[in-house]
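Raw contents of model.pdb, PDB, C-alpha atoms, pLDDT in the B column:
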ATOM      1  CA  MET Z  49      29.611  -4.330  46.333  1.00 46.00           C
ATOM      2  CA  GLU Z  50      30.388  -1.147  44.554  1.00 43.00           C
ATOM      3  CA  ASN Z  51      31.305   1.676  46.874  1.00 42.00           C
ATOM      4  CA  LEU Z  52      28.192   3.825  47.147  1.00 39.00           C
ATOM      5  CA  PHE Z  53      30.092   6.593  48.922  1.00 37.00           C
ATOM      6  CA  GLY Z  54      32.070   7.915  45.983  1.00 39.00           C
ATOM      7  CA  SER Z  55      33.058   5.146  43.586  1.00 40.00           C
ATOM      8  CA  ARG Z  56      35.210   5.782  40.551  1.00 40.00           C
ATOM      9  CA  PRO Z  57      33.795   5.194  37.061  1.00 46.00           C
ATOM     10  CA  ILE Z  58      34.989   2.009  35.363  1.00 47.00           C
ATOM     11  CA  SER Z  59      36.775   2.778  32.123  1.00 50.00           C
ATOM     12  CA  VAL Z  60      36.748   0.560  29.024  1.00 50.00           C
ATOM     13  CA  SER Z  61      40.529   0.175  29.320  1.00 50.00           C
ATOM     14  CA  ALA Z  62      40.109  -1.516  32.701  1.00 48.00           C
ATOM     15  CA  LEU Z  63      37.956  -4.196  31.070  1.00 45.00           C
ATOM     16  CA  LYS Z  64      40.763  -4.957  28.601  1.00 45.00           C
ATOM     17  CA  ASP Z  65      43.528  -5.079  31.189  1.00 47.00           C
ATOM     18  CA  PHE Z  66      45.528  -8.272  30.552  1.00 38.00           C
ATOM     19  CA  SER Z  67      48.412  -7.340  32.832  1.00 52.00           C
ATOM     20  CA  LYS Z  68      49.268  -9.531  35.787  1.00 66.00           C
ATOM     21  CA  LEU Z  69      48.942  -8.217  39.311  1.00 78.00           C
ATOM     22  CA  ASP Z  70      51.868  -5.975  40.155  1.00 82.00           C
ATOM     23  CA  GLN Z  71      53.625  -5.860  43.507  1.00 87.00           C
ATOM     24  CA  SER Z  72      51.646  -2.888  44.843  1.00 88.00           C
ATOM     25  CA  THR Z  73      48.354  -4.574  43.953  1.00 89.00           C
ATOM     26  CA  ARG Z  74      49.411  -7.826  45.603  1.00 90.00           C
ATOM     27  CA  SER Z  75      50.422  -5.901  48.716  1.00 93.00           C
ATOM     28  CA  HIS Z  76      47.076  -4.121  48.698  1.00 93.00           C
ATOM     29  CA  LEU Z  77      45.212  -7.419  48.398  1.00 94.00           C
ATOM     30  CA  ARG Z  78      47.159  -8.843  51.337  1.00 95.00           C
ATOM     31  CA  ASN Z  79      45.975  -5.897  53.419  1.00 95.00           C
ATOM     32  CA  VAL Z  80      42.402  -6.350  52.196  1.00 96.00           C
ATOM     33  CA  TYR Z  81      42.316 -10.041  53.100  1.00 96.00           C
ATOM     34  CA  ALA Z  82      44.019  -9.377  56.436  1.00 96.00           C
ATOM     35  CA  CYS Z  83      41.216  -6.933  57.262  1.00 96.00           C
ATOM     36  CA  LEU Z  84      38.678  -9.462  56.021  1.00 97.00           C
ATOM     37  CA  SER Z  85      40.130 -12.156  58.289  1.00 97.00           C
ATOM     38  CA  LEU Z  86      40.026  -9.835  61.307  1.00 97.00           C
ATOM     39  CA  SER Z  87      36.446  -8.902  60.422  1.00 97.00           C
ATOM     40  CA  MET Z  88      35.452 -12.555  60.330  1.00 97.00           C
ATOM     41  CA  LEU Z  89      37.006 -13.092  63.766  1.00 97.00           C
ATOM     42  CA  ALA Z  90      35.119 -10.075  65.125  1.00 97.00           C
ATOM     43  CA  ALA Z  91      31.874 -11.380  63.608  1.00 97.00           C
ATOM     44  CA  ALA Z  92      32.475 -14.825  65.102  1.00 96.00           C
ATOM     45  CA  PHE Z  93      33.061 -13.182  68.477  1.00 96.00           C
ATOM     46  CA  GLY Z  94      29.823 -11.219  68.112  1.00 96.00           C
ATOM     47  CA  SER Z  95      27.887 -14.392  67.305  1.00 96.00           C
ATOM     48  CA  GLY Z  96      29.482 -16.113  70.290  1.00 95.00           C
ATOM     49  CA  VAL Z  97      28.450 -13.273  72.596  1.00 95.00           C
ATOM     50  CA  HIS Z  98      24.829 -13.727  71.493  1.00 96.00           C
ATOM     51  CA  LEU Z  99      24.869 -17.521  71.721  1.00 94.00           C
ATOM     52  CA  PHE Z 100      26.800 -18.095  74.924  1.00 94.00           C
ATOM     53  CA  THR Z 101      26.283 -15.001  77.080  1.00 91.00           C
ATOM     54  CA  ASP Z 102      23.482 -12.706  78.184  1.00 87.00           C
ATOM     55  CA  ILE Z 103      25.587  -9.558  77.808  1.00 89.00           C
ATOM     56  CA  LEU Z 104      24.312  -8.577  74.356  1.00 89.00           C
ATOM     57  CA  LYS Z 105      21.728 -10.032  72.000  1.00 92.00           C
ATOM     58  CA  GLY Z 106      21.339  -9.576  68.274  1.00 88.00           C
ATOM     59  CA  GLY Z 107      18.269  -7.764  67.039  1.00 89.00           C
ATOM     60  CA  PHE Z 108      17.062  -4.338  65.962  1.00 89.00           C
ATOM     61  CA  LEU Z 109      19.605  -2.404  68.042  1.00 91.00           C
ATOM     62  CA  SER Z 110      22.551  -4.406  66.692  1.00 91.00           C
ATOM     63  CA  ALA Z 111      21.328  -3.756  63.143  1.00 93.00           C
ATOM     64  CA  ILE Z 112      21.111  -0.007  63.806  1.00 95.00           C
ATOM     65  CA  ALA Z 113      24.569  -0.047  65.411  1.00 95.00           C
ATOM     66  CA  SER Z 114      26.101  -1.892  62.436  1.00 95.00           C
ATOM     67  CA  ILE Z 115      24.619   0.630  59.987  1.00 96.00           C
ATOM     68  CA  GLY Z 116      25.846   3.525  62.093  1.00 96.00           C
ATOM     69  CA  LEU Z 117      29.375   2.111  62.301  1.00 96.00           C
ATOM     70  CA  LEU Z 118      29.427   1.462  58.549  1.00 96.00           C
ATOM     71  CA  ILE Z 119      28.401   5.057  57.851  1.00 96.00           C
ATOM     72  CA  ALA Z 120      31.038   6.305  60.319  1.00 95.00           C
ATOM     73  CA  LEU Z 121      33.676   4.246  58.510  1.00 95.00           C
ATOM     74  CA  ALA Z 122      32.602   5.557  55.115  1.00 93.00           C
ATOM     75  CA  MET Z 123      32.662   9.168  56.314  1.00 94.00           C
ATOM     76  CA  THR Z 124      36.093   8.882  57.944  1.00 92.00           C
ATOM     77  CA  PRO Z 125      38.648   9.661  55.219  1.00 89.00           C
ATOM     78  CA  HIS Z 126      41.511   7.349  54.409  1.00 87.00           C
ATOM     79  CA  ASP Z 127      44.405   9.747  54.951  1.00 82.00           C
ATOM     80  CA  GLY Z 128      46.900   7.519  56.747  1.00 76.00           C
ATOM     81  CA  LYS Z 129      46.478   9.355  60.060  1.00 83.00           C
ATOM     82  CA  ASN Z 130      43.301   7.716  61.344  1.00 88.00           C
ATOM     83  CA  GLN Z 131      43.875   4.102  60.367  1.00 90.00           C
ATOM     84  CA  SER Z 132      43.387   2.764  63.893  1.00 91.00           C
ATOM     85  CA  LYS Z 133      40.104   4.677  64.182  1.00 93.00           C
ATOM     86  CA  ARG Z 134      38.849   3.261  60.890  1.00 94.00           C
ATOM     87  CA  MET Z 135      39.915  -0.236  61.927  1.00 95.00           C
ATOM     88  CA  GLY Z 136      37.947   0.254  65.130  1.00 96.00           C
ATOM     89  CA  PHE Z 137      34.852   1.176  63.122  1.00 96.00           C
ATOM     90  CA  LEU Z 138      35.395  -1.888  60.912  1.00 97.00           C
ATOM     91  CA  MET Z 139      35.758  -4.255  63.876  1.00 97.00           C
ATOM     92  CA  GLY Z 140      32.703  -2.729  65.545  1.00 97.00           C
ATOM     93  CA  PHE Z 141      30.687  -3.140  62.358  1.00 97.00           C
ATOM     94  CA  ALA Z 142      31.796  -6.763  61.977  1.00 97.00           C
ATOM     95  CA  PHE Z 143      31.042  -7.489  65.647  1.00 97.00           C
ATOM     96  CA  CYS Z 144      27.508  -6.075  65.358  1.00 96.00           C
ATOM     97  CA  THR Z 145      26.982  -7.998  62.110  1.00 96.00           C
ATOM     98  CA  GLY Z 146      27.959 -11.235  63.851  1.00 96.00           C
ATOM     99  CA  LEU Z 147      25.728 -10.305  66.775  1.00 96.00           C
ATOM    100  CA  GLY Z 148      22.883  -9.858  64.300  1.00 95.00           C
ATOM    101  CA  LEU Z 149      23.424 -13.390  62.993  1.00 95.00           C
ATOM    102  CA  GLY Z 150      22.827 -14.738  66.513  1.00 94.00           C
ATOM    103  CA  PRO Z 151      19.009 -15.124  66.339  1.00 94.00           C
ATOM    104  CA  LEU Z 152      19.259 -17.075  63.080  1.00 95.00           C
ATOM    105  CA  MET Z 153      21.961 -19.285  64.585  1.00 96.00           C
ATOM    106  CA  ASP Z 154      19.691 -19.949  67.585  1.00 95.00           C
ATOM    107  CA  LEU Z 155      17.064 -21.378  65.240  1.00 94.00           C
ATOM    108  CA  VAL Z 156      19.606 -23.380  63.258  1.00 95.00           C
ATOM    109  CA  ILE Z 157      21.104 -24.902  66.422  1.00 95.00           C
ATOM    110  CA  GLN Z 158      17.655 -26.143  67.436  1.00 94.00           C
ATOM    111  CA  ILE Z 159      17.481 -28.051  64.154  1.00 93.00           C
ATOM    112  CA  ASP Z 160      21.081 -29.323  64.032  1.00 93.00           C
ATOM    113  CA  PRO Z 161      24.155 -27.610  65.556  1.00 94.00           C
ATOM    114  CA  SER Z 162      26.432 -29.138  62.909  1.00 95.00           C
ATOM    115  CA  ILE Z 163      24.800 -26.949  60.255  1.00 96.00           C
ATOM    116  CA  ILE Z 164      26.759 -23.876  61.366  1.00 96.00           C
ATOM    117  CA  PRO Z 165      30.309 -25.257  60.839  1.00 96.00           C
ATOM    118  CA  THR Z 166      29.149 -27.026  57.663  1.00 97.00           C
ATOM    119  CA  ALA Z 167      27.752 -23.759  56.290  1.00 97.00           C
ATOM    120  CA  PHE Z 168      30.928 -21.901  57.250  1.00 97.00           C
ATOM    121  CA  PHE Z 169      33.235 -24.353  55.476  1.00 97.00           C
ATOM    122  CA  ALA Z 170      30.951 -24.445  52.430  1.00 97.00           C
ATOM    123  CA  THR Z 171      30.926 -20.639  52.315  1.00 97.00           C
ATOM    124  CA  THR Z 172      34.702 -20.496  52.677  1.00 97.00           C
ATOM    125  CA  LEU Z 173      35.151 -22.987  49.834  1.00 97.00           C
ATOM    126  CA  ILE Z 174      32.799 -21.050  47.553  1.00 96.00           C
ATOM    127  CA  PHE Z 175      34.425 -17.743  48.451  1.00 97.00           C
ATOM    128  CA  VAL Z 176      37.967 -18.999  47.858  1.00 95.00           C
ATOM    129  CA  CYS Z 177      37.079 -20.625  44.520  1.00 94.00           C
ATOM    130  CA  PHE Z 178      35.328 -17.530  43.170  1.00 94.00           C
ATOM    131  CA  THR Z 179      38.073 -15.246  44.471  1.00 93.00           C
ATOM    132  CA  LEU Z 180      40.809 -17.262  42.771  1.00 91.00           C
ATOM    133  CA  SER Z 181      38.767 -17.342  39.574  1.00 90.00           C
ATOM    134  CA  ALA Z 182      38.523 -13.536  39.625  1.00 90.00           C
ATOM    135  CA  LEU Z 183      42.206 -13.018  40.415  1.00 88.00           C
ATOM    136  CA  TRP Z 184      43.497 -15.526  37.878  1.00 84.00           C
ATOM    137  CA  ALA Z 185      41.365 -14.170  35.042  1.00 78.00           C
ATOM    138  CA  GLU Z 186      43.678 -12.231  32.757  1.00 67.00           C
ATOM    139  CA  GLN Z 187      40.870 -10.144  31.295  1.00 69.00           C
ATOM    140  CA  ARG Z 188      38.743  -8.138  33.779  1.00 75.00           C
ATOM    141  CA  THR Z 189      35.479  -9.235  32.162  1.00 83.00           C
ATOM    142  CA  TYR Z 190      33.757  -9.800  35.511  1.00 87.00           C
ATOM    143  CA  LEU Z 191      33.488  -6.017  35.791  1.00 88.00           C
ATOM    144  CA  TYR Z 192      30.759  -6.314  33.171  1.00 87.00           C
ATOM    145  CA  LEU Z 193      28.624  -8.072  35.790  1.00 89.00           C
ATOM    146  CA  GLY Z 194      28.150  -4.857  37.764  1.00 89.00           C
ATOM    147  CA  GLY Z 195      24.957  -3.668  36.094  1.00 91.00           C
ATOM    148  CA  THR Z 196      23.361  -7.112  36.063  1.00 92.00           C
ATOM    149  CA  LEU Z 197      24.199  -7.757  39.719  1.00 94.00           C
ATOM    150  CA  MET Z 198      22.874  -4.398  40.895  1.00 94.00           C
ATOM    151  CA  SER Z 199      19.677  -4.973  38.906  1.00 94.00           C
ATOM    152  CA  GLY Z 200      19.330  -8.420  40.474  1.00 93.00           C
ATOM    153  CA  LEU Z 201      19.866  -6.920  43.927  1.00 93.00           C
ATOM    154  CA  SER Z 202      17.112  -4.375  43.255  1.00 94.00           C
ATOM    155  CA  ILE Z 203      14.751  -7.147  42.151  1.00 94.00           C
ATOM    156  CA  LEU Z 204      15.464  -9.181  45.299  1.00 92.00           C
ATOM    157  CA  PHE Z 205      14.827  -6.113  47.447  1.00 92.00           C
ATOM    158  CA  CYS Z 206      11.479  -5.506  45.738  1.00 94.00           C
ATOM    159  CA  LEU Z 207      10.540  -9.175  46.155  1.00 91.00           C
ATOM    160  CA  SER Z 208      11.344  -9.009  49.860  1.00 90.00           C
ATOM    161  CA  LEU Z 209       9.042  -5.999  50.255  1.00 91.00           C
ATOM    162  CA  VAL Z 210       6.247  -7.744  48.361  1.00 91.00           C
ATOM    163  CA  ASN Z 211       6.689 -10.900  50.394  1.00 88.00           C
ATOM    164  CA  LEU Z 212       6.232  -8.985  53.635  1.00 87.00           C
ATOM    165  CA  PHE Z 213       2.552  -8.713  52.674  1.00 90.00           C
ATOM    166  CA  ILE Z 214       2.096 -11.953  50.712  1.00 89.00           C
ATOM    167  CA  GLY Z 215       4.230 -14.389  52.672  1.00 85.00           C
ATOM    168  CA  ALA Z 216       4.600 -16.748  49.697  1.00 89.00           C
ATOM    169  CA  ARG Z 217       7.045 -19.629  50.128  1.00 90.00           C
ATOM    170  CA  PHE Z 218       7.882 -19.589  46.417  1.00 91.00           C
ATOM    171  CA  ILE Z 219       9.050 -15.962  46.620  1.00 91.00           C
ATOM    172  CA  PHE Z 220      11.090 -16.726  49.742  1.00 92.00           C
ATOM    173  CA  GLN Z 221      12.819 -19.622  47.986  1.00 93.00           C
ATOM    174  CA  LEU Z 222      13.457 -17.423  44.950  1.00 93.00           C
ATOM    175  CA  GLN Z 223      15.060 -14.820  47.218  1.00 92.00           C
ATOM    176  CA  LEU Z 224      17.091 -17.505  48.969  1.00 94.00           C
ATOM    177  CA  TYR Z 225      18.590 -19.300  45.977  1.00 95.00           C
ATOM    178  CA  GLY Z 226      18.616 -16.240  43.737  1.00 94.00           C
ATOM    179  CA  GLY Z 227      20.445 -14.300  46.451  1.00 94.00           C
ATOM    180  CA  LEU Z 228      23.004 -17.082  46.816  1.00 96.00           C
ATOM    181  CA  LEU Z 229      23.832 -16.977  43.109  1.00 96.00           C
ATOM    182  CA  LEU Z 230      23.801 -13.196  43.142  1.00 96.00           C
ATOM    183  CA  PHE Z 231      26.339 -12.850  45.956  1.00 96.00           C
ATOM    184  CA  CYS Z 232      28.589 -15.486  44.411  1.00 96.00           C
ATOM    185  CA  GLY Z 233      28.630 -13.181  41.406  1.00 95.00           C
ATOM    186  CA  PHE Z 234      29.416 -10.246  43.665  1.00 96.00           C
ATOM    187  CA  VAL Z 235      32.535 -12.064  44.906  1.00 96.00           C
ATOM    188  CA  LEU Z 236      33.797 -12.153  41.319  1.00 95.00           C
ATOM    189  CA  TYR Z 237      32.809  -8.569  40.636  1.00 95.00           C
ATOM    190  CA  ASP Z 238      34.025  -7.041  43.894  1.00 95.00           C
ATOM    191  CA  THR Z 239      37.373  -8.830  43.703  1.00 95.00           C
ATOM    192  CA  GLN Z 240      38.135  -7.472  40.253  1.00 93.00           C
ATOM    193  CA  LEU Z 241      36.727  -4.065  41.211  1.00 94.00           C
ATOM    194  CA  ILE Z 242      39.174  -3.878  44.125  1.00 94.00           C
ATOM    195  CA  VAL Z 243      42.068  -4.636  41.758  1.00 92.00           C
ATOM    196  CA  HIS Z 244      40.828  -1.997  39.335  1.00 91.00           C
ATOM    197  CA  LYS Z 245      40.419   0.634  42.065  1.00 92.00           C
ATOM    198  CA  ARG Z 246      43.936  -0.042  43.334  1.00 91.00           C
ATOM    199  CA  LYS Z 247      45.337   0.460  39.844  1.00 88.00           C
ATOM    200  CA  GLN Z 248      43.427   3.734  39.713  1.00 90.00           C
ATOM    201  CA  GLY Z 249      45.207   4.852  42.897  1.00 89.00           C
ATOM    202  CA  ASP Z 250      42.606   3.922  45.541  1.00 91.00           C
ATOM    203  CA  LYS Z 251      44.551   2.508  48.518  1.00 91.00           C
ATOM    204  CA  ASP Z 252      41.659   2.260  50.991  1.00 93.00           C
ATOM    205  CA  PHE Z 253      42.022  -1.440  51.828  1.00 94.00           C
ATOM    206  CA  VAL Z 254      39.836  -1.099  54.934  1.00 95.00           C
ATOM    207  CA  TRP Z 255      36.783  -0.062  52.936  1.00 95.00           C
ATOM    208  CA  HIS Z 256      37.543  -2.558  50.191  1.00 96.00           C
ATOM    209  CA  SER Z 257      37.431  -5.384  52.735  1.00 96.00           C
ATOM    210  CA  VAL Z 258      33.875  -4.356  53.696  1.00 97.00           C
ATOM    211  CA  ASP Z 259      32.574  -5.353  50.266  1.00 95.00           C
ATOM    212  CA  LEU Z 260      34.035  -8.852  50.511  1.00 97.00           C
ATOM    213  CA  PHE Z 261      32.938  -9.216  54.137  1.00 97.00           C
ATOM    214  CA  LEU Z 262      29.327  -8.451  53.213  1.00 96.00           C
ATOM    215  CA  ASP Z 263      29.497 -10.934  50.315  1.00 97.00           C
ATOM    216  CA  PHE Z 264      30.780 -13.652  52.662  1.00 97.00           C
ATOM    217  CA  ILE Z 265      28.120 -12.981  55.308  1.00 97.00           C
ATOM    218  CA  GLN Z 266      25.281 -13.016  52.782  1.00 96.00           C
ATOM    219  CA  ILE Z 267      26.437 -16.324  51.280  1.00 97.00           C
ATOM    220  CA  PHE Z 268      26.916 -17.825  54.753  1.00 97.00           C
ATOM    221  CA  ARG Z 269      23.445 -16.733  55.885  1.00 97.00           C
ATOM    222  CA  ARG Z 270      21.755 -18.276  52.864  1.00 97.00           C
ATOM    223  CA  ILE Z 271      23.668 -21.557  53.023  1.00 97.00           C
ATOM    224  CA  MET Z 272      22.720 -21.890  56.695  1.00 97.00           C
ATOM    225  CA  ILE Z 273      19.034 -21.451  55.845  1.00 96.00           C
ATOM    226  CA  ILE Z 274      19.205 -23.879  52.911  1.00 96.00           C
ATOM    227  CA  LEU Z 275      20.903 -26.573  55.012  1.00 96.00           C
ATOM    228  CA  ALA Z 276      18.405 -26.033  57.840  1.00 95.00           C
ATOM    229  CA  GLN Z 277      15.501 -26.353  55.415  1.00 94.00           C
ATOM    230  CA  ASN Z 278      16.901 -29.577  53.977  1.00 92.00           C
ATOM    231  CA  LYS Z 279      17.419 -30.995  57.468  1.00 91.00           C
ATOM    232  CA  GLU Z 280      13.869 -30.121  58.490  1.00 87.00           C
ATOM    233  CA  SER Z 281      12.508 -31.681  55.312  1.00 84.00           C
ATOM    234  CA  LYS Z 282      14.357 -34.931  56.011  1.00 82.00           C
ATOM    235  CA  LYS Z 283      13.040 -34.996  59.583  1.00 79.00           C
ATOM    236  CA  ARG Z 284       9.450 -34.598  58.398  1.00 80.00           C
ATOM    237  CA  LYS Z 285       9.857 -37.412  55.871  1.00 77.00           C
ATOM    238  CA  ASN Z 286      11.191 -39.723  58.582  1.00 69.00           C
TER     239      ASN Z 286
END

Turn this file's structure into structure tokens for me.
Amino acid sequence: MENLFGSRPISVSALKDFSKLDQSTRSHLRNVYACLSLSMLAAAFGSGVHLFTDILKGGFLSAIASIGLLIALAMTPHDGKNQSKRMGFLMGFAFCTGLGLGPLMDLVIQIDPSIIPTAFFATTLIFVCFTLSALWAEQRTYLYLGGTLMSGLSILFCLSLVNLFIGARFIFQLQLYGGLLLFCGFVLYDTQLIVHKRKQGDKDFVWHSVDLFLDFIQIFRRIMIILAQNKESKKRKN
């Protein structure tokens, strides 16, 4: 997602950039995806702590902790002197995010434990395909998606608030599938936005990895729910 803590404006020239990725941009992307990989490992560890131990459990406190760590990361400047501190905030945020996925995973495991690895591989495949599509595109046209995606995110947020009082299944399904499509679009947008920011001189690969990490988690969460729903529906029919 677009950096809400001081993003740069997107110029028209960036949308017409046909140049291939230069060496500095490729190096930056390697750092971004290295941070993303470490974040995924930390999230997996957090989920494992919830599922297999009684040390910590996901819930309200883990959500508050993840928000606090994300704010701490955003407010710690990228100046080259505090990189280990910022990485610590990132790993803590990812761990708490994975911990927060624990309760949902508990429910999914009761339906079918195989759903979790299936959802992970499906999410990885989707993420890789959309990432490559964004990186291989010569023209940065996916940056045009920004306004539409943010509007869609606002609509989903409003629907979630309404559904707290209505509890309509149709609205929940609209949030579920609409959110899946929306965050697939965010993978395209965020990937090209990272490239654009790097070309503008933004070298903060730690914060850039947060955007992609959140996209991955949101897609993974929704695919898990969809697969669990389908499995439950098949069980009822049988």

Item to check | 7 Å contact set for Z:Leu138, only C-alpha atoms, chain neighbours under 4 positions out, as a ChimeraX atom specification | outcome: /Z:121,134,142

Please produce a file of those selected residues containing C-alpha atoms, as a PDB file, in the coordinates of the input.
ATOM      1  CA  LEU Z 121      33.676   4.246  58.510  1.00 95.00           C
ATOM      2  CA  ARG Z 134      38.849   3.261  60.890  1.00 94.00           C
ATOM      3  CA  ALA Z 142      31.796  -6.763  61.977  1.00 97.00           C
TER       4      ALA Z 142
END

Item to check | Selection near stretch 189-191 of chain Z, 7 Å with all atoms listed in the file, sequence-local residues under 6 positions removed, as a ChimeraX atom specification | outcome: /Z:63,236-237,240-241

Next on the checklist: Could you list, as a list in words, every residue within 7 Å of stretch 258-268 of chain Z, counting all atoms listed in the file and ignoring same-chain residues fewer than 5 positions away?
Outcome noted: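 That gives Met49, Leu84, Ala167, Phe168, Thr171, Phe175, Leu228, Phe231, Phe234, Val235 and Asp238 of chain Z.
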
Next on the checklist: Would you pick out the contacts of Z:Leu224 at 10 Å or less, using only C-alpha atoms, so that residues sharing its chain but fewer than 5 positions from it are not included, and give the list as a list in words?
Outcome noted: Leu204, Phe218, Ile219, Leu229, Leu230, Ile267, Arg269, Arg270, Ile271, Ile273 and Ile274 of chain Z

Checklist entry - Which value, in Å to one decimal, gives the distance between atom CA of Z:Leu183 and atom CA of Z:Gly226? => result 24.0 Å

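Picked out by the PyMOL selection byres ((chain Z and resi 72-83) around 8) when it runs on this file: Z:Leu69, Z:Asp70, Z:Gln71, Z:Leu84, Z:Ser85, Z:Leu86, Z:Ser87, Z:Val243, Z:Arg246, Z:Lys247, Z:Lys251, Z:Phe253, Z:Val254, Z:His256, Z:Ser257.
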
Checklist outcome for this item: Atom pair atom CA of Z:Lys133 + atom CA of Z:Thr145, distance 18.4 Å

Item to check | Best match for closeness to Z:Gly148 among Z:Ile214, Z:Leu99, Z:Ile164, Z:Ala170, counting only C-alpha atoms | outcome: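 Ranked by minimum distance to Z:Gly148, first place goes to Z:Leu99.
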